[in-house]
$ cat start_1.csv   # CSV, C-alpha atoms
chain,number,residue,atom,x,y,z
A,1,MET,CA,78.3,156.1,90.9
A,2,LEU,CA,75.7,157.6,93.3
A,3,LEU,CA,74.4,160.0,90.7
A,4,SER,CA,73.9,157.3,88.1
A,5,THR,CA,72.3,155.0,90.6
A,6,GLY,CA,69.9,157.8,91.6
A,7,LEU,CA,69.0,158.5,88.0
A,8,LEU,CA,68.3,154.9,87.4
A,9,LEU,CA,66.1,154.6,90.4
A,10,ALA,CA,64.3,157.8,89.4
A,11,GLY,CA,63.5,156.2,86.0
A,12,ILE,CA,65.4,158.9,84.1
A,13,ALA,CA,67.9,156.7,82.4
A,14,THR,CA,66.6,154.5,79.6
A,15,ALA,CA,68.0,151.3,78.2
A,16,ALA,CA,69.4,151.7,74.7
A,17,PRO,CA,69.5,148.9,72.1
A,18,ALA,CA,72.8,147.2,71.9
A,19,ASP,CA,73.9,149.1,68.8
A,20,GLU,CA,73.3,152.6,70.4
A,21,PRO,CA,75.3,154.4,73.0
A,22,PRO,CA,73.8,154.8,76.4
A,23,SER,CA,71.8,158.0,77.2
A,24,PHE,CA,70.1,159.6,80.2
A,25,PHE,CA,67.4,160.8,77.9
A,26,ALA,CA,64.8,158.8,76.0
A,27,PRO,CA,65.6,158.3,72.4
A,28,LEU,CA,64.6,161.1,70.1
A,29,THR,CA,61.2,160.7,68.5
A,30,GLU,CA,60.8,161.5,64.8
A,31,LEU,CA,59.0,164.8,64.3
A,32,PRO,CA,57.2,166.0,61.2
A,33,GLY,CA,59.3,168.5,59.2
A,34,VAL,CA,62.5,167.5,61.0
A,35,VAL,CA,65.2,165.4,59.2
A,36,SER,CA,65.3,161.9,60.7
A,37,TRP,CA,68.5,160.5,62.3
A,38,LYS,CA,67.5,157.2,60.7
A,39,LEU,CA,67.8,158.8,57.3
A,40,LEU,CA,71.2,160.5,58.2
A,41,GLY,CA,72.3,157.2,59.6
A,42,LYS,CA,72.0,155.5,56.2
A,43,ALA,CA,75.4,157.0,55.2
A,44,THR,CA,78.2,154.5,55.1
A,45,THR,CA,81.9,154.7,55.0
A,46,VAL,CA,83.9,153.2,52.1
A,47,THR,CA,87.6,153.1,51.2
A,48,ALA,CA,88.4,155.4,48.3
A,49,LYS,CA,91.5,155.7,46.2
A,50,LYS,CA,94.8,155.9,48.2
A,51,GLY,CA,93.1,154.2,51.2
A,52,HIS,CA,91.2,157.2,52.3
A,53,MET,CA,87.9,156.6,54.1
A,54,VAL,CA,85.0,158.6,52.7
A,55,PRO,CA,81.3,158.7,53.1
A,56,ARG,CA,78.8,157.2,50.7
A,57,TYR,CA,75.3,158.7,50.8
A,58,THR,CA,72.0,157.5,49.6
A,59,ALA,CA,70.2,159.5,46.9
A,60,GLU,CA,67.8,160.7,49.6
A,61,ILE,CA,70.6,162.1,51.8
A,62,SER,CA,72.4,163.7,48.8
A,63,ALA,CA,69.2,165.5,47.9
A,64,LEU,CA,69.5,167.3,51.3
A,65,ASP,CA,72.7,169.0,50.3
A,66,ASN,CA,72.5,172.8,50.4
A,67,THR,CA,68.9,172.8,51.5
A,68,GLU,CA,67.3,174.5,54.5
A,69,VAL,CA,66.4,171.7,57.1
A,70,LYS,CA,65.6,171.2,60.7
A,71,VAL,CA,67.5,168.6,62.8
A,72,GLN,CA,66.8,167.7,66.5
A,73,GLY,CA,69.6,166.6,68.8
A,74,PHE,CA,71.8,167.1,71.8
A,75,MET,CA,74.5,169.8,72.1
A,76,MET,CA,78.1,168.7,72.4
A,77,PRO,CA,80.2,171.9,72.9
A,78,LEU,CA,83.6,172.1,71.3
A,79,GLU,CA,85.0,174.4,74.0
A,80,ALA,CA,84.2,175.5,77.5
A,81,GLY,CA,81.5,178.1,78.1
A,82,GLN,CA,77.8,178.6,78.5
A,83,LYS,CA,77.0,179.9,75.0
A,84,HIS,CA,78.3,178.5,71.7
A,85,LYS,CA,78.1,179.5,68.0
A,86,HIS,CA,80.1,176.4,66.9
A,87,PHE,CA,79.2,173.0,68.4
A,88,LEU,CA,78.1,169.5,67.4
A,89,LEU,CA,74.5,168.3,67.4
A,90,THR,CA,74.3,164.6,68.1
A,91,VAL,CA,71.7,161.8,67.9
A,92,THR,CA,72.2,160.8,71.6
A,93,SER,CA,73.3,162.7,74.6
A,94,ALA,CA,77.0,162.5,75.4
A,95,SER,CA,77.9,160.3,78.3
A,96,CYS,CA,81.5,161.6,78.4
A,97,SER,CA,82.7,165.1,77.6
A,98,PHE,CA,85.7,163.7,75.7
A,99,CYS,CA,83.8,161.1,73.6
A,100,LEU,CA,81.5,161.4,70.6
A,101,PRO,CA,78.3,159.6,71.4
A,102,ALA,CA,77.9,158.4,67.8
A,103,GLY,CA,79.8,157.9,64.6
A,104,PRO,CA,80.0,160.5,61.9
A,105,GLU,CA,76.5,159.6,60.6
A,106,GLY,CA,75.1,160.6,64.0
A,107,VAL,CA,76.7,164.1,64.3
A,108,VAL,CA,76.0,167.4,62.6
A,109,GLU,CA,78.5,170.3,63.0
A,110,ILE,CA,76.6,173.4,63.7
A,111,LYS,CA,77.7,177.0,63.0
A,112,SER,CA,74.9,179.2,64.4
A,113,ARG,CA,74.1,182.9,63.6
A,114,THR,CA,73.9,183.7,67.3
A,115,PRO,CA,75.3,182.0,70.5
A,116,VAL,CA,73.2,179.1,71.8
A,117,LYS,CA,73.0,178.5,75.5
A,118,PHE,CA,74.3,175.1,76.5
A,119,SER,CA,71.6,172.6,77.4
A,120,TYR,CA,71.5,168.9,78.2
A,121,ALA,CA,68.0,168.6,76.8
A,122,PRO,CA,67.4,168.0,73.1
A,123,PHE,CA,66.4,170.9,70.8
A,124,ILE,CA,65.8,171.6,67.2
A,125,VAL,CA,68.2,173.6,65.0
A,126,GLN,CA,67.3,175.0,61.5
A,127,GLY,CA,69.8,176.0,58.9
A,128,LYS,CA,71.5,175.2,55.6
A,129,LEU,CA,72.7,171.6,55.6
A,130,LYS,CA,75.9,170.7,53.7
A,131,VAL,CA,76.4,167.0,52.9
A,132,LEU,CA,80.2,166.7,53.0
A,133,ALA,CA,82.1,164.7,50.4
A,134,SER,CA,85.5,164.5,52.1
A,135,ASP,CA,85.9,166.5,55.3
A,136,PRO,CA,89.4,166.5,56.8
A,137,MET,CA,87.9,166.0,60.3
A,138,GLY,CA,85.8,163.0,59.1
A,139,LEU,CA,82.4,164.8,59.4
A,140,TYR,CA,79.5,163.9,57.2
A,141,TYR,CA,77.2,166.9,57.8
A,142,ARG,CA,77.5,170.6,58.5
A,143,MET,CA,74.8,173.1,59.1
A,144,THR,CA,75.5,176.8,58.6
A,145,ASP,CA,73.5,180.0,59.3
A,146,ALA,CA,71.7,177.9,62.0
A,147,ALA,CA,69.3,179.0,64.6
A,148,VAL,CA,67.4,177.2,67.4
A,149,VAL,CA,63.8,176.6,66.6
A,150,PRO,CA,61.6,177.9,69.5
A,151,GLN,CA,59.4,175.2,71.0
$ encode --input "start_1.csv" --output "structure tokens"
Amino acid sequence: MLLSTGLLLAGIATAAPADEPPSFFAPLTELPGVVSWKLLGKATTVTAKKGHMVPRYTAEISALDNTEVKVQGFMMPLEAGQKHKHFLLTVTSASCSFCLPAGPEGVVEIKSRTPVKFSYAPFIVQGKLKVLASDPMGLYYRMTDAAVVPQ
């Protein structure tokens, strides 16, 4: 409680719109050459045959499948440690280490070439994006052969 009060008083925390999770960082700004979370967020979930929930993508999202892209976001590690080759990149910073800060449209699974040092600050990752049709874990996006873009 004291930490969050101190952050609020210091002006670090920002108020998020009612439809977005809270974050201690300002919302990400759109950058030229970086895939927009607004675009990725246009994916919806529909009920398919046999009651399975599957994603439905716009033509613009589908066109990104198997292409080299850049995405900016916040690291959410999948296991303990300082460096990670497999993690989630999210549209907002995590407020709880056990909770996803967004739905499947606000998360990209990252499989990087080399380990990436954990950071609370947002960063840009570049790699081959896969738009997933029916992932068993409910993911919509996966990036492979990824690397952090130096800033």
$ closest_residue --input "start_1.csv" --among "A:Val131, A:Ile110, A:Phe74, A:Gln151" --to "Pro27 (chain A)" --atoms "all atoms listed in the file"
A:Phe74
$ residues_near_point --input "start_1.csv" --point "(73.7, 178.4, 78.7)" --cutoff "10 Å" --atoms "all atoms listed in the file" --output "MDAnalysis selection string"
chainID A and resid 81:84 115:120
$ closest_atom_pairs --input "start_1.csv" --of "region 63-108 of chain A" --to "region 44-51 of chain A" --cutoff "12 Å" --atoms "all atoms listed in the file" --output "JSON lines"
{"residue": "A:Gly103", "atom": "CA", "partner": "A:Thr44", "partner_atom": "CA", "distance": 10.2}
{"residue": "A:Pro104", "atom": "CA", "partner": "A:Thr45", "partner_atom": "CA", "distance": 9.2}
{"residue": "A:Glu105", "atom": "CA", "partner": "A:Thr44", "partner_atom": "CA", "distance": 7.7}
{"residue": "A:Gly106", "atom": "CA", "partner": "A:Thr44", "partner_atom": "CA", "distance": 11.2}
$ closest_residue --input "start_1.csv" --among "A:His86, A:Glu30, A:Ala43, A:Pro150" --to "Ser62 (chain A)" --atoms "all atoms listed in the file"
A:Ala43
$ closest_residue --input "start_1.csv" --among "A:Thr29, A:Asn66, A:Thr90, A:Ser36" --to "Lys130 (chain A)" --atoms "only C-alpha atoms"
A:Asn66
$ residues_around --input "start_1.csv" --residues "Ile124 (chain A)" --least-positions-apart "2" --cutoff "7 Å" --atoms "all atoms listed in the file" --output "PDB file with C-alpha atoms, in the coordinates of the input"
ATOM      1  CA  LYS A  70      65.600 171.200  60.700  1.00  0.00           C
ATOM      2  CA  VAL A  71      67.500 168.600  62.800  1.00  0.00           C
ATOM      3  CA  GLN A  72      66.800 167.700  66.500  1.00  0.00           C
ATOM      4  CA  GLY A  73      69.600 166.600  68.800  1.00  0.00           C
ATOM      5  CA  GLN A 126      67.300 175.000  61.500  1.00  0.00           C
ATOM      6  CA  VAL A 148      67.400 177.200  67.400  1.00  0.00           C
ATOM      7  CA  VAL A 149      63.800 176.600  66.600  1.00  0.00           C
TER       8      VAL A 149
END
$ atom_distance --input "start_1.csv" --atom1 "CA of Phe87 (chain A)" --atom2 "CA of Glu60 (chain A)"
25.2 Å
$ atom_distance --input "start_1.csv" --atom1 "CA of Gly127 (chain A)" --atom2 "CA of Arg142 (chain A)"
9.4 Å
$ build_atoms --input "start_1.csv" --residues "region 66-77 of chain A" --atoms "all heavy atoms" --output "short mmCIF file (atom, residue, chain, number, x, y, z; two decimals), in the frame of the given file"
data_model
loop_
_atom_site.label_atom_id
_atom_site.label_comp_id
_atom_site.auth_asym_id
_atom_site.auth_seq_id
_atom_site.Cartn_x
_atom_site.Cartn_y
_atom_site.Cartn_z
N ASN A 66 72.79 171.41 50.61
CA ASN A 66 72.50 172.80 50.40
C ASN A 66 71.04 173.20 50.47
O ASN A 66 70.57 174.12 49.80
CB ASN A 66 73.07 173.27 49.00
CG ASN A 66 74.58 173.33 49.01
OD1 ASN A 66 75.18 173.85 49.94
ND2 ASN A 66 75.19 172.76 47.99
N THR A 67 70.30 172.47 51.30
CA THR A 67 68.90 172.80 51.50
C THR A 67 68.70 173.26 52.97
O THR A 67 69.49 172.93 53.85
CB THR A 67 67.97 171.60 51.23
OG1 THR A 67 68.27 170.54 52.14
CG2 THR A 67 68.10 171.12 49.80
N GLU A 68 67.63 174.00 53.18
CA GLU A 68 67.30 174.50 54.50
C GLU A 68 66.51 173.32 55.20
O GLU A 68 65.51 172.82 54.68
CB GLU A 68 66.34 175.69 54.40
CG GLU A 68 65.98 176.32 55.69
CD GLU A 68 67.02 177.29 56.23
OE1 GLU A 68 67.98 177.63 55.52
OE2 GLU A 68 66.86 177.70 57.39
N VAL A 69 67.03 172.86 56.36
CA VAL A 69 66.40 171.70 57.10
C VAL A 69 66.37 172.02 58.57
O VAL A 69 67.02 172.95 59.06
CB VAL A 69 67.18 170.41 56.84
CG1 VAL A 69 67.23 170.04 55.37
CG2 VAL A 69 68.58 170.48 57.42
N LYS A 70 65.63 171.18 59.26
CA LYS A 70 65.60 171.20 60.70
C LYS A 70 66.15 169.82 61.18
O LYS A 70 65.83 168.79 60.59
CB LYS A 70 64.20 171.33 61.26
CG LYS A 70 63.58 172.67 60.96
CD LYS A 70 62.15 172.72 61.47
CE LYS A 70 61.47 174.01 61.08
NZ LYS A 70 60.04 174.00 61.46
N VAL A 71 66.96 169.85 62.24
CA VAL A 71 67.50 168.60 62.80
C VAL A 71 67.35 168.75 64.35
O VAL A 71 67.64 169.81 64.92
CB VAL A 71 68.98 168.39 62.47
CG1 VAL A 71 69.51 167.13 63.13
CG2 VAL A 71 69.16 168.31 60.96
N GLN A 72 66.91 167.68 64.99
CA GLN A 72 66.80 167.70 66.50
C GLN A 72 67.94 166.86 67.03
O GLN A 72 68.33 165.82 66.46
CB GLN A 72 65.46 166.99 66.85
CG GLN A 72 65.27 166.90 68.35
CD GLN A 72 64.03 166.10 68.74
OE1 GLN A 72 63.63 165.17 68.05
NE2 GLN A 72 63.44 166.46 69.84
N GLY A 73 68.48 167.32 68.14
CA GLY A 73 69.60 166.60 68.80
C GLY A 73 70.04 167.19 70.06
O GLY A 73 69.39 168.08 70.61
N PHE A 74 71.17 166.68 70.51
CA PHE A 74 71.80 167.10 71.80
C PHE A 74 73.05 167.89 71.48
O PHE A 74 73.83 167.51 70.61
CB PHE A 74 72.14 165.87 72.61
CG PHE A 74 70.96 165.03 73.00
CD1 PHE A 74 70.52 164.00 72.19
CD2 PHE A 74 70.27 165.29 74.19
CE1 PHE A 74 69.42 163.24 72.55
CE2 PHE A 74 69.18 164.53 74.55
CZ PHE A 74 68.75 163.50 73.73
N MET A 75 73.27 168.96 72.25
CA MET A 75 74.50 169.80 72.10
C MET A 75 75.69 169.11 72.67
O MET A 75 75.65 168.62 73.80
CB MET A 75 74.29 171.15 72.72
CG MET A 75 75.52 172.04 72.58
SD MET A 75 75.43 173.58 73.51
CE MET A 75 74.54 174.59 72.34
N MET A 76 76.75 169.12 71.90
CA MET A 76 78.10 168.70 72.40
C MET A 76 79.01 169.88 72.11
O MET A 76 79.42 170.08 70.96
CB MET A 76 78.56 167.44 71.74
CG MET A 76 79.86 166.98 72.32
SD MET A 76 80.26 165.32 71.79
CE MET A 76 81.69 165.05 72.82
N PRO A 77 79.31 170.69 73.14
CA PRO A 77 80.20 171.90 72.90
C PRO A 77 81.58 171.44 72.47
O PRO A 77 82.06 170.35 72.81
CB PRO A 77 80.25 172.52 74.30
CG PRO A 77 79.10 171.98 75.05
CD PRO A 77 78.86 170.60 74.52
#
